[in-house]
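Trainee: The file below is run.cif, mmCIF, N, CA and C atoms:
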```cif
data_model
#
loop_
_atom_site.label_atom_id
_atom_site.label_comp_id
_atom_site.auth_asym_id
_atom_site.auth_seq_id
_atom_site.Cartn_x
_atom_site.Cartn_y
_atom_site.Cartn_z
N MET M 1 48.80 29.33 20.03
CA MET M 1 49.02 29.91 21.33
C MET M 1 48.89 31.43 21.29
N LYS M 2 49.40 32.04 20.19
CA LYS M 2 49.31 33.49 20.07
C LYS M 2 47.85 33.94 20.07
N THR M 3 47.00 33.16 19.43
CA THR M 3 45.59 33.53 19.35
C THR M 3 44.94 33.50 20.72
N ILE M 4 45.24 32.49 21.51
CA ILE M 4 44.68 32.40 22.87
C ILE M 4 45.17 33.57 23.71
N LEU M 5 46.47 33.86 23.64
CA LEU M 5 47.00 34.99 24.40
C LEU M 5 46.37 36.30 23.96
N ASN M 6 46.18 36.48 22.65
CA ASN M 6 45.57 37.71 22.16
C ASN M 6 44.11 37.85 22.60
N ILE M 7 43.38 36.75 22.65
CA ILE M 7 41.98 36.82 23.10
C ILE M 7 41.91 37.19 24.57
N ILE M 8 42.76 36.57 25.39
CA ILE M 8 42.79 36.92 26.82
C ILE M 8 43.22 38.37 26.99
N TRP M 9 44.23 38.79 26.23
CA TRP M 9 44.70 40.18 26.27
C TRP M 9 43.57 41.13 25.90
N LEU M 10 42.83 40.80 24.86
CA LEU M 10 41.73 41.65 24.40
C LEU M 10 40.71 41.86 25.50
N VAL M 11 40.38 40.80 26.22
CA VAL M 11 39.38 40.89 27.28
C VAL M 11 39.92 41.66 28.48
N LEU M 12 41.18 41.41 28.86
CA LEU M 12 41.72 42.00 30.09
C LEU M 12 42.13 43.47 29.92
N SER M 13 42.77 43.81 28.81
CA SER M 13 43.23 45.19 28.69
C SER M 13 43.29 45.73 27.28
N GLY M 14 43.33 44.87 26.28
CA GLY M 14 43.55 45.31 24.91
C GLY M 14 42.50 46.25 24.38
N PHE M 15 41.23 45.97 24.68
CA PHE M 15 40.16 46.82 24.16
C PHE M 15 40.29 48.24 24.68
N TRP M 16 40.53 48.39 25.99
CA TRP M 16 40.59 49.73 26.58
C TRP M 16 41.83 50.49 26.14
N LEU M 17 42.94 49.78 25.98
CA LEU M 17 44.15 50.44 25.48
C LEU M 17 43.95 50.89 24.04
N CYS M 18 43.30 50.06 23.24
CA CYS M 18 43.01 50.42 21.86
C CYS M 18 42.11 51.67 21.80
N VAL M 19 41.11 51.71 22.66
CA VAL M 19 40.23 52.88 22.72
C VAL M 19 41.02 54.13 23.10
N GLY M 20 41.94 54.00 24.05
CA GLY M 20 42.77 55.14 24.45
C GLY M 20 43.63 55.66 23.32
N TYR M 21 44.27 54.75 22.59
CA TYR M 21 45.09 55.18 21.45
C TYR M 21 44.24 55.76 20.33
N ALA M 22 43.07 55.17 20.07
CA ALA M 22 42.19 55.70 19.03
C ALA M 22 41.68 57.09 19.40
N LEU M 23 41.36 57.30 20.67
CA LEU M 23 40.93 58.62 21.13
C LEU M 23 42.06 59.64 20.97
N ALA M 24 43.27 59.24 21.35
CA ALA M 24 44.42 60.12 21.16
C ALA M 24 44.62 60.43 19.68
N GLY M 25 44.45 59.43 18.82
CA GLY M 25 44.60 59.64 17.38
C GLY M 25 43.56 60.60 16.84
N LEU M 26 42.32 60.48 17.30
CA LEU M 26 41.28 61.41 16.86
C LEU M 26 41.57 62.83 17.29
N ILE M 27 42.00 62.99 18.54
CA ILE M 27 42.31 64.33 19.04
C ILE M 27 43.50 64.93 18.29
N LEU M 28 44.52 64.11 18.02
CA LEU M 28 45.70 64.61 17.32
C LEU M 28 45.42 64.94 15.86
N CYS M 29 44.45 64.28 15.26
CA CYS M 29 44.13 64.52 13.85
C CYS M 29 43.28 65.78 13.64
N VAL M 30 42.94 66.48 14.69
CA VAL M 30 42.14 67.69 14.56
C VAL M 30 42.90 68.76 13.77
N THR M 31 44.19 68.86 13.98
CA THR M 31 44.99 69.84 13.25
C THR M 31 45.81 69.15 12.16
N ILE M 32 46.21 69.89 11.17
CA ILE M 32 47.02 69.33 10.09
C ILE M 32 48.38 68.89 10.61
N ILE M 33 48.95 69.63 11.53
CA ILE M 33 50.26 69.29 12.09
C ILE M 33 50.19 68.00 12.89
N GLY M 34 49.06 67.72 13.50
CA GLY M 34 48.92 66.53 14.34
C GLY M 34 48.58 65.26 13.58
N ILE M 35 48.31 65.34 12.28
CA ILE M 35 47.90 64.16 11.53
C ILE M 35 48.96 63.04 11.56
N PRO M 36 50.25 63.32 11.38
CA PRO M 36 51.23 62.22 11.46
C PRO M 36 51.23 61.54 12.84
N PHE M 37 51.01 62.32 13.87
CA PHE M 37 50.94 61.76 15.23
C PHE M 37 49.67 60.93 15.40
N GLY M 38 48.57 61.39 14.81
CA GLY M 38 47.33 60.62 14.86
C GLY M 38 47.45 59.30 14.14
N ILE M 39 48.12 59.30 12.99
CA ILE M 39 48.34 58.06 12.26
C ILE M 39 49.18 57.09 13.08
N ALA M 40 50.21 57.61 13.75
CA ALA M 40 51.03 56.76 14.63
C ALA M 40 50.18 56.18 15.77
N ALA M 41 49.28 57.00 16.31
CA ALA M 41 48.41 56.52 17.39
C ALA M 41 47.48 55.41 16.90
N PHE M 42 46.94 55.56 15.69
CA PHE M 42 46.07 54.52 15.14
C PHE M 42 46.85 53.22 14.88
N ARG M 43 48.09 53.36 14.41
CA ARG M 43 48.93 52.19 14.17
C ARG M 43 49.20 51.44 15.48
N ILE M 44 49.48 52.18 16.54
CA ILE M 44 49.75 51.56 17.83
C ILE M 44 48.45 51.02 18.44
N ALA M 45 47.31 51.62 18.12
CA ALA M 45 46.03 51.12 18.63
C ALA M 45 45.79 49.70 18.16
N VAL M 46 46.10 49.42 16.91
CA VAL M 46 45.93 48.06 16.38
C VAL M 46 46.90 47.11 17.09
N TYR M 47 48.12 47.58 17.32
CA TYR M 47 49.11 46.76 18.03
C TYR M 47 48.67 46.51 19.47
N ALA M 48 48.10 47.51 20.12
CA ALA M 48 47.63 47.36 21.50
C ALA M 48 46.41 46.44 21.58
N LEU M 49 45.68 46.33 20.50
CA LEU M 49 44.50 45.46 20.48
C LEU M 49 44.89 43.99 20.34
N TRP M 50 45.95 43.70 19.59
CA TRP M 50 46.32 42.32 19.24
C TRP M 50 47.84 42.22 19.20
N PRO M 51 48.55 42.29 20.35
CA PRO M 51 50.01 42.44 20.33
C PRO M 51 50.83 41.16 20.19
N PHE M 52 50.29 40.03 20.61
CA PHE M 52 51.10 38.81 20.59
C PHE M 52 51.29 38.34 19.15
N GLY M 53 52.52 38.06 18.80
CA GLY M 53 52.87 37.70 17.43
C GLY M 53 53.47 38.87 16.68
N TYR M 54 53.59 40.02 17.33
CA TYR M 54 54.19 41.20 16.73
C TYR M 54 55.22 41.78 17.69
N THR M 55 56.14 42.52 17.15
CA THR M 55 57.14 43.21 17.95
C THR M 55 57.48 44.53 17.28
N THR M 56 58.21 45.37 17.96
CA THR M 56 58.63 46.64 17.38
C THR M 56 60.13 46.63 17.16
N VAL M 57 60.55 47.24 16.08
CA VAL M 57 61.97 47.38 15.76
C VAL M 57 62.23 48.83 15.37
N GLU M 58 63.47 49.25 15.57
CA GLU M 58 63.84 50.60 15.17
C GLU M 58 64.00 50.67 13.66
N ARG M 59 63.55 51.77 13.10
CA ARG M 59 63.76 52.01 11.68
C ARG M 59 65.10 52.71 11.51
N ARG M 60 65.91 52.21 10.65
CA ARG M 60 67.25 52.79 10.46
C ARG M 60 67.19 54.11 9.69
N ASP M 61 66.12 54.34 8.96
CA ASP M 61 66.02 55.56 8.17
C ASP M 61 65.21 56.65 8.86
N ALA M 62 64.99 56.54 10.16
CA ALA M 62 64.12 57.48 10.87
C ALA M 62 64.72 58.89 10.93
N GLY M 63 65.92 59.05 11.44
CA GLY M 63 66.59 60.34 11.44
C GLY M 63 66.11 61.32 12.49
N ALA M 64 66.55 62.56 12.32
CA ALA M 64 66.29 63.63 13.28
C ALA M 64 64.82 64.04 13.36
N PRO M 65 64.07 64.05 12.25
CA PRO M 65 62.66 64.46 12.37
C PRO M 65 61.86 63.57 13.33
N SER M 66 62.19 62.28 13.37
CA SER M 66 61.46 61.42 14.31
C SER M 66 61.84 61.74 15.75
N CYS M 67 63.05 62.19 15.97
CA CYS M 67 63.47 62.59 17.33
C CYS M 67 62.68 63.83 17.78
N VAL M 68 62.57 64.80 16.91
CA VAL M 68 61.78 66.00 17.23
C VAL M 68 60.32 65.64 17.41
N GLY M 69 59.81 64.77 16.53
CA GLY M 69 58.43 64.32 16.65
C GLY M 69 58.16 63.57 17.94
N ASN M 70 59.14 62.78 18.38
CA ASN M 70 58.98 62.05 19.64
C ASN M 70 58.88 62.99 20.83
N VAL M 71 59.62 64.10 20.79
CA VAL M 71 59.53 65.07 21.88
C VAL M 71 58.13 65.68 21.91
N LEU M 72 57.60 66.03 20.74
CA LEU M 72 56.24 66.58 20.67
C LEU M 72 55.22 65.53 21.10
N TRP M 73 55.41 64.28 20.65
CA TRP M 73 54.50 63.19 21.03
C TRP M 73 54.50 63.02 22.54
N LEU M 74 55.67 63.03 23.14
CA LEU M 74 55.79 62.84 24.59
C LEU M 74 54.98 63.89 25.34
N VAL M 75 55.05 65.12 24.87
CA VAL M 75 54.32 66.21 25.53
C VAL M 75 52.81 66.10 25.27
N LEU M 76 52.42 65.80 24.04
CA LEU M 76 51.02 65.81 23.66
C LEU M 76 50.24 64.58 24.13
N ALA M 77 50.81 63.38 23.95
CA ALA M 77 50.02 62.18 24.23
C ALA M 77 50.80 61.07 24.91
N GLY M 78 52.09 61.04 24.75
CA GLY M 78 52.87 59.89 25.19
C GLY M 78 52.85 59.63 26.68
N TRP M 79 52.91 60.68 27.48
CA TRP M 79 53.01 60.46 28.92
C TRP M 79 51.74 59.85 29.48
N TRP M 80 50.56 60.26 29.01
CA TRP M 80 49.35 59.68 29.60
C TRP M 80 49.02 58.32 29.01
N LEU M 81 49.45 58.03 27.77
CA LEU M 81 49.28 56.68 27.24
C LEU M 81 50.21 55.71 27.97
N ALA M 82 51.43 56.15 28.26
CA ALA M 82 52.36 55.32 29.04
C ALA M 82 51.83 55.10 30.45
N LEU M 83 51.23 56.12 31.02
CA LEU M 83 50.62 55.98 32.34
C LEU M 83 49.49 54.95 32.31
N GLY M 84 48.72 54.92 31.24
CA GLY M 84 47.67 53.91 31.09
C GLY M 84 48.24 52.50 31.05
N HIS M 85 49.39 52.33 30.37
CA HIS M 85 50.04 51.01 30.35
C HIS M 85 50.55 50.62 31.73
N ILE M 86 51.09 51.59 32.45
CA ILE M 86 51.63 51.29 33.79
C ILE M 86 50.50 50.91 34.74
N VAL M 87 49.42 51.67 34.74
CA VAL M 87 48.29 51.37 35.63
C VAL M 87 47.68 50.03 35.27
N THR M 88 47.48 49.77 33.99
CA THR M 88 46.92 48.49 33.56
C THR M 88 47.86 47.34 33.91
N GLY M 89 49.16 47.55 33.71
CA GLY M 89 50.14 46.51 34.05
C GLY M 89 50.15 46.19 35.53
N LEU M 90 50.07 47.21 36.36
CA LEU M 90 50.02 46.98 37.81
C LEU M 90 48.75 46.24 38.20
N ALA M 91 47.63 46.62 37.60
CA ALA M 91 46.37 45.93 37.92
C ALA M 91 46.41 44.48 37.48
N LEU M 92 47.01 44.20 36.35
CA LEU M 92 47.09 42.82 35.87
C LEU M 92 48.05 41.98 36.71
N CYS M 93 49.07 42.60 37.25
CA CYS M 93 50.06 41.85 38.05
C CYS M 93 49.53 41.45 39.42
N VAL M 94 48.33 41.84 39.77
CA VAL M 94 47.76 41.46 41.05
C VAL M 94 47.45 39.96 41.08
N THR M 95 47.06 39.40 39.95
CA THR M 95 46.75 37.97 39.90
C THR M 95 47.89 37.21 39.21
N ILE M 96 48.00 35.94 39.50
CA ILE M 96 49.05 35.13 38.90
C ILE M 96 48.83 34.98 37.40
N ILE M 97 47.59 34.80 36.98
CA ILE M 97 47.29 34.66 35.56
C ILE M 97 47.59 35.96 34.81
N GLY M 98 47.42 37.09 35.45
CA GLY M 98 47.62 38.37 34.79
C GLY M 98 49.05 38.84 34.71
N ILE M 99 49.97 38.19 35.42
CA ILE M 99 51.37 38.65 35.44
C ILE M 99 51.98 38.73 34.04
N PRO M 100 51.85 37.70 33.18
CA PRO M 100 52.43 37.83 31.84
C PRO M 100 51.84 38.99 31.04
N PHE M 101 50.57 39.27 31.24
CA PHE M 101 49.93 40.37 30.53
C PHE M 101 50.37 41.72 31.11
N GLY M 102 50.60 41.76 32.42
CA GLY M 102 51.14 42.97 33.03
C GLY M 102 52.54 43.26 32.51
N ILE M 103 53.35 42.23 32.39
CA ILE M 103 54.70 42.41 31.85
C ILE M 103 54.62 42.88 30.40
N ALA M 104 53.68 42.35 29.62
CA ALA M 104 53.49 42.80 28.24
C ALA M 104 53.11 44.28 28.21
N ASN M 105 52.31 44.72 29.17
CA ASN M 105 51.97 46.14 29.25
C ASN M 105 53.20 46.98 29.55
N PHE M 106 54.04 46.51 30.46
CA PHE M 106 55.25 47.26 30.79
C PHE M 106 56.20 47.33 29.60
N LYS M 107 56.20 46.30 28.75
CA LYS M 107 57.04 46.32 27.55
C LYS M 107 56.54 47.31 26.51
N MET M 108 55.27 47.70 26.60
CA MET M 108 54.71 48.66 25.65
C MET M 108 54.90 50.11 26.08
N VAL M 109 55.39 50.33 27.29
CA VAL M 109 55.59 51.70 27.78
C VAL M 109 56.59 52.48 26.92
N PRO M 110 57.76 51.92 26.55
CA PRO M 110 58.67 52.70 25.69
C PRO M 110 58.05 53.07 24.35
N LEU M 111 57.24 52.18 23.79
CA LEU M 111 56.57 52.49 22.52
C LEU M 111 55.54 53.61 22.72
N ALA M 112 54.86 53.60 23.85
CA ALA M 112 53.88 54.66 24.13
C ALA M 112 54.57 56.01 24.32
N LEU M 113 55.77 56.00 24.88
CA LEU M 113 56.49 57.25 25.11
C LEU M 113 57.14 57.81 23.84
N LEU M 114 57.78 56.94 23.06
CA LEU M 114 58.54 57.39 21.89
C LEU M 114 58.26 56.48 20.69
N PRO M 115 57.12 56.65 20.02
CA PRO M 115 56.74 55.70 18.95
C PRO M 115 57.34 55.99 17.58
N LEU M 116 57.71 57.22 17.32
CA LEU M 116 58.18 57.56 15.98
C LEU M 116 59.59 57.01 15.78
N GLY M 117 59.84 56.47 14.61
CA GLY M 117 61.12 55.84 14.34
C GLY M 117 61.11 54.36 14.68
N ARG M 118 59.95 53.83 14.99
CA ARG M 118 59.79 52.40 15.28
C ARG M 118 58.75 51.83 14.33
N GLU M 119 58.89 50.55 14.04
CA GLU M 119 57.98 49.87 13.13
C GLU M 119 57.47 48.60 13.80
N ILE M 120 56.21 48.29 13.61
CA ILE M 120 55.60 47.08 14.17
C ILE M 120 55.68 46.00 13.09
N VAL M 121 56.33 44.89 13.44
CA VAL M 121 56.54 43.80 12.48
C VAL M 121 56.11 42.47 13.12
N PRO M 122 55.73 41.50 12.30
CA PRO M 122 55.42 40.16 12.84
C PRO M 122 56.68 39.52 13.42
N THR M 123 56.51 38.76 14.50
CA THR M 123 57.67 38.11 15.12
C THR M 123 58.21 36.97 14.27
N ASP M 124 57.37 36.39 13.41
CA ASP M 124 57.84 35.29 12.59
C ASP M 124 58.40 35.75 11.24
N ALA M 125 58.54 37.07 11.05
CA ALA M 125 59.11 37.58 9.81
C ALA M 125 60.61 37.29 9.79
N PRO M 126 61.16 37.08 8.61
CA PRO M 126 62.61 36.87 8.53
C PRO M 126 63.38 38.06 9.05
N PHE M 127 64.52 37.82 9.66
CA PHE M 127 65.32 38.88 10.26
C PHE M 127 65.80 39.87 9.22
N ALA M 128 66.02 39.44 8.01
CA ALA M 128 66.54 40.33 6.96
C ALA M 128 65.53 41.41 6.57
N SER M 129 64.24 41.16 6.75
CA SER M 129 63.24 42.16 6.35
C SER M 129 63.05 43.25 7.39
N ARG M 130 63.64 43.10 8.55
CA ARG M 130 63.49 44.10 9.60
C ARG M 130 64.43 45.18 9.37
#
```
Can you dump the structure from the file as structure tokens?

Mentor:
Amino acid sequence: MKTILNIIWLVLSGFWLCVGYALAGLILCVTIIGIPFGIAAFRIAVYALWPFGYTTVERRDAGAPSCVGNVLWLVLAGWWLALGHIVTGLALCVTIIGIPFGIANFKMVPLALLPLGREIVPTDAPFASR
């Protein structure tokens, strides 16, 4: 079932969201300071391409640097990536078939706004490894 959902997601919105995150990652990697943010954007691009079967969890060892990084991320790339999820989610919610995918887009907005200090893990992974 996850594979079917991921294929439909890929066709409806996943490809374009992945391109948006990859573009943000390329732009952020232009400077040495932006490389960690670019790596985070590439990591989320893969998640945006194939999200079903994965979830995000908070990292307990993230600390204050991730908080500062999230503020910089929010200013540099987070707000317009989150806006892309909102617009895509609203467009998908127009049809009955697209509603679950629109809701999935809305669930990705917090990750688009504040990605540092979060980790993408498989949903079938044991709880102890999270």

Trainee: Evaluated on this file, the PyMOL selection byres ((chain M and resi 71-77) around 7) picks out some residues - which ones are they, written as a ChimeraX atom specification?

Mentor: /M:24,37,66-70,78-82,112-114

Trainee: From the set M:Ala48, M:Ile35, M:Leu111, M:Lys2, which residue has the shortest atom-to-atom contact distance to Gly14 in chain M, counting all atoms listed in the file?

Mentor: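 The answer is M:Ala48, which sits nearest to Gly14 in chain M.
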
Trainee: Neighbours of range 88-98 of chain M within 10 Å (only C-alpha atoms; same-chain residues fewer than 3 positions away dropped), as an MDAnalysis selection string?

Mentor: chainID M and resid 8:9 12:14 16:17 82:85 101:109

Trainee: (48.1, 53.3, 19.7) in this file's frame - what residues fall within 7 Å of it? Use only N, CA and C atoms and give the answer as a PyMOL selection string.

Mentor: chain M and resi 17-18+20-22+40-48

Trainee: To one decimal place in Å, what is the distance between CA of Val19 in chain M and CA of Glu58 in chain M?

Mentor: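 Taking CA of Val19 in chain M as the start and CA of Glu58 in chain M as the end point, the length is 24.9 Å.
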
Trainee: One number please: CA of Asn6 in chain M to CA of Pro100 in chain M, in Å, one decimal.

Mentor: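 So the two atoms, CA of Asn6 in chain M and CA of Pro100 in chain M, lie 11.9 Å apart.
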
Trainee: Quick one: DSSP helix (DSSP H, G or I) residues in range 27-69 of chain M, as a PyMOL selection string?

Mentor: chain M and resi 27-28+35-49+63-69

Trainee: Using the chain letters and numbers from this document, which residues of chain M does DSSP assign to strand (DSSP E or B), as a PDB file with N, CA and C atoms, in the coordinates of the input?

Mentor:
```pdb
ATOM      1  N   TYR M  54      53.590  40.020  17.330  1.00  0.00           N
ATOM      2  CA  TYR M  54      54.190  41.200  16.730  1.00  0.00           C
ATOM      3  C   TYR M  54      55.220  41.780  17.690  1.00  0.00           C
ATOM      4  N   THR M  55      56.140  42.520  17.150  1.00  0.00           N
ATOM      5  CA  THR M  55      57.140  43.210  17.950  1.00  0.00           C
ATOM      6  C   THR M  55      57.480  44.530  17.280  1.00  0.00           C
ATOM      7  N   THR M  56      58.210  45.370  17.960  1.00  0.00           N
ATOM      8  CA  THR M  56      58.630  46.640  17.380  1.00  0.00           C
ATOM      9  C   THR M  56      60.130  46.630  17.160  1.00  0.00           C
ATOM     10  N   VAL M  57      60.550  47.240  16.080  1.00  0.00           N
ATOM     11  CA  VAL M  57      61.970  47.380  15.760  1.00  0.00           C
ATOM     12  C   VAL M  57      62.230  48.830  15.370  1.00  0.00           C
ATOM     13  N   GLU M  58      63.470  49.250  15.570  1.00  0.00           N
ATOM     14  CA  GLU M  58      63.840  50.600  15.170  1.00  0.00           C
ATOM     15  C   GLU M  58      64.000  50.670  13.660  1.00  0.00           C
ATOM     16  N   ARG M 118      59.950  53.830  14.990  1.00  0.00           N
ATOM     17  CA  ARG M 118      59.790  52.400  15.280  1.00  0.00           C
ATOM     18  C   ARG M 118      58.750  51.830  14.330  1.00  0.00           C
ATOM     19  N   GLU M 119      58.890  50.550  14.040  1.00  0.00           N
ATOM     20  CA  GLU M 119      57.980  49.870  13.130  1.00  0.00           C
ATOM     21  C   GLU M 119      57.470  48.600  13.800  1.00  0.00           C
ATOM     22  N   ILE M 120      56.210  48.290  13.610  1.00  0.00           N
ATOM     23  CA  ILE M 120      55.600  47.080  14.170  1.00  0.00           C
ATOM     24  C   ILE M 120      55.680  46.000  13.090  1.00  0.00           C
ATOM     25  N   VAL M 121      56.330  44.890  13.440  1.00  0.00           N
ATOM     26  CA  VAL M 121      56.540  43.800  12.480  1.00  0.00           C
ATOM     27  C   VAL M 121      56.110  42.470  13.120  1.00  0.00           C
ATOM     28  N   PRO M 122      55.730  41.500  12.300  1.00  0.00           N
ATOM     29  CA  PRO M 122      55.420  40.160  12.840  1.00  0.00           C
ATOM     30  C   PRO M 122      56.680  39.520  13.420  1.00  0.00           C
TER      31      PRO M 122
END
```

Trainee: Find the residue from M:Val87, M:Pro122, M:Ile27, M:Pro51 that sits nearest to Leu10 in chain M; use all atoms listed in the file when measuring.

Mentor: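 Of M:Val87, M:Pro122, M:Ile27, M:Pro51, the one nearest Leu10 in chain M is M:Pro51, counting all atoms listed in the file.
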
Trainee: Report the distance between atom N of Gly25 in chain M and atom N of Gly38 in chain M in Å, rounded to one decimal place.

Mentor: 6.1 Å

Trainee: Pick the closest to Arg59 in chain M from M:Leu26, M:Leu116, M:Thr3, M:Phe15: which is it, counting all atoms listed in the file?

Mentor: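 For Arg59 in chain M, the nearest of the candidates is M:Leu116.
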
Trainee: Find, counting all atoms listed in the file, the residue in M:Ile99, M:Leu28, M:Val57, M:Ala64 that gets nearest to Glu119 in chain M.

Mentor: M:Val57

Trainee: When distances are computed from only C-alpha atoms, which of M:Leu49, M:Ile86, M:Ile32, M:Arg118 shows the smallest separation from Asp61 in chain M?

Mentor: M:Arg118

Trainee: With all atoms listed in the file as the basis for distance, which of M:Gly34, M:Trp50, M:Gly117, M:Ala62 is at the shortest distance from Leu5 in chain M?

Mentor: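 Nearest to Leu5 in chain M: M:Trp50.
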
Trainee: May I ask you to restore N, CA, C and O atoms in range 53-72 of chain M and write the result as a short mmCIF file (atom, residue, chain, number, x, y, z; two decimals), in the coordinates of the input?

Mentor:
```cif
data_model
loop_
_atom_site.label_atom_id
_atom_site.label_comp_id
_atom_site.auth_asym_id
_atom_site.auth_seq_id
_atom_site.Cartn_x
_atom_site.Cartn_y
_atom_site.Cartn_z
N GLY M 53 52.52 38.06 18.80
CA GLY M 53 52.87 37.70 17.43
C GLY M 53 53.47 38.87 16.68
O GLY M 53 53.84 38.73 15.51
N TYR M 54 53.59 40.02 17.33
CA TYR M 54 54.19 41.20 16.73
C TYR M 54 55.22 41.78 17.69
O TYR M 54 55.15 41.58 18.90
N THR M 55 56.14 42.52 17.15
CA THR M 55 57.14 43.21 17.95
C THR M 55 57.48 44.53 17.28
O THR M 55 57.06 44.77 16.14
N THR M 56 58.21 45.37 17.96
CA THR M 56 58.63 46.64 17.38
C THR M 56 60.13 46.63 17.16
O THR M 56 60.88 46.07 17.96
N VAL M 57 60.55 47.24 16.08
CA VAL M 57 61.97 47.38 15.76
C VAL M 57 62.23 48.83 15.37
O VAL M 57 61.33 49.53 14.90
N GLU M 58 63.47 49.25 15.57
CA GLU M 58 63.84 50.60 15.17
C GLU M 58 64.00 50.67 13.66
O GLU M 58 64.53 49.76 13.05
N ARG M 59 63.55 51.77 13.10
CA ARG M 59 63.76 52.01 11.68
C ARG M 59 65.10 52.71 11.51
O ARG M 59 65.35 53.73 12.15
N ARG M 60 65.91 52.21 10.65
CA ARG M 60 67.25 52.79 10.46
C ARG M 60 67.19 54.11 9.69
O ARG M 60 68.10 54.92 9.78
N ASP M 61 66.12 54.34 8.96
CA ASP M 61 66.02 55.56 8.17
C ASP M 61 65.21 56.65 8.86
O ASP M 61 64.81 57.61 8.22
N ALA M 62 64.99 56.54 10.16
CA ALA M 62 64.12 57.48 10.87
C ALA M 62 64.72 58.89 10.93
O ALA M 62 64.09 59.85 10.54
N GLY M 63 65.92 59.05 11.44
CA GLY M 63 66.59 60.34 11.44
C GLY M 63 66.11 61.32 12.49
O GLY M 63 65.35 61.00 13.40
N ALA M 64 66.55 62.56 12.32
CA ALA M 64 66.29 63.63 13.28
C ALA M 64 64.82 64.04 13.36
O ALA M 64 64.35 64.37 14.45
N PRO M 65 64.07 64.05 12.25
CA PRO M 65 62.66 64.46 12.37
C PRO M 65 61.86 63.57 13.33
O PRO M 65 60.99 64.06 14.04
N SER M 66 62.19 62.28 13.37
CA SER M 66 61.46 61.42 14.31
C SER M 66 61.84 61.74 15.75
O SER M 66 61.01 61.61 16.66
N CYS M 67 63.05 62.19 15.97
CA CYS M 67 63.47 62.59 17.33
C CYS M 67 62.68 63.83 17.78
O CYS M 67 62.17 63.86 18.90
N VAL M 68 62.57 64.80 16.91
CA VAL M 68 61.78 66.00 17.23
C VAL M 68 60.32 65.64 17.41
O VAL M 68 59.65 66.10 18.33
N GLY M 69 59.81 64.77 16.53
CA GLY M 69 58.43 64.32 16.65
C GLY M 69 58.16 63.57 17.94
O GLY M 69 57.10 63.71 18.54
N ASN M 70 59.14 62.78 18.38
CA ASN M 70 58.98 62.05 19.64
C ASN M 70 58.88 62.99 20.83
O ASN M 70 58.13 62.73 21.77
N VAL M 71 59.62 64.10 20.79
CA VAL M 71 59.53 65.07 21.88
C VAL M 71 58.13 65.68 21.91
O VAL M 71 57.51 65.80 22.97
N LEU M 72 57.60 66.03 20.74
CA LEU M 72 56.24 66.58 20.67
C LEU M 72 55.22 65.53 21.10
O LEU M 72 54.28 65.83 21.83
#
```
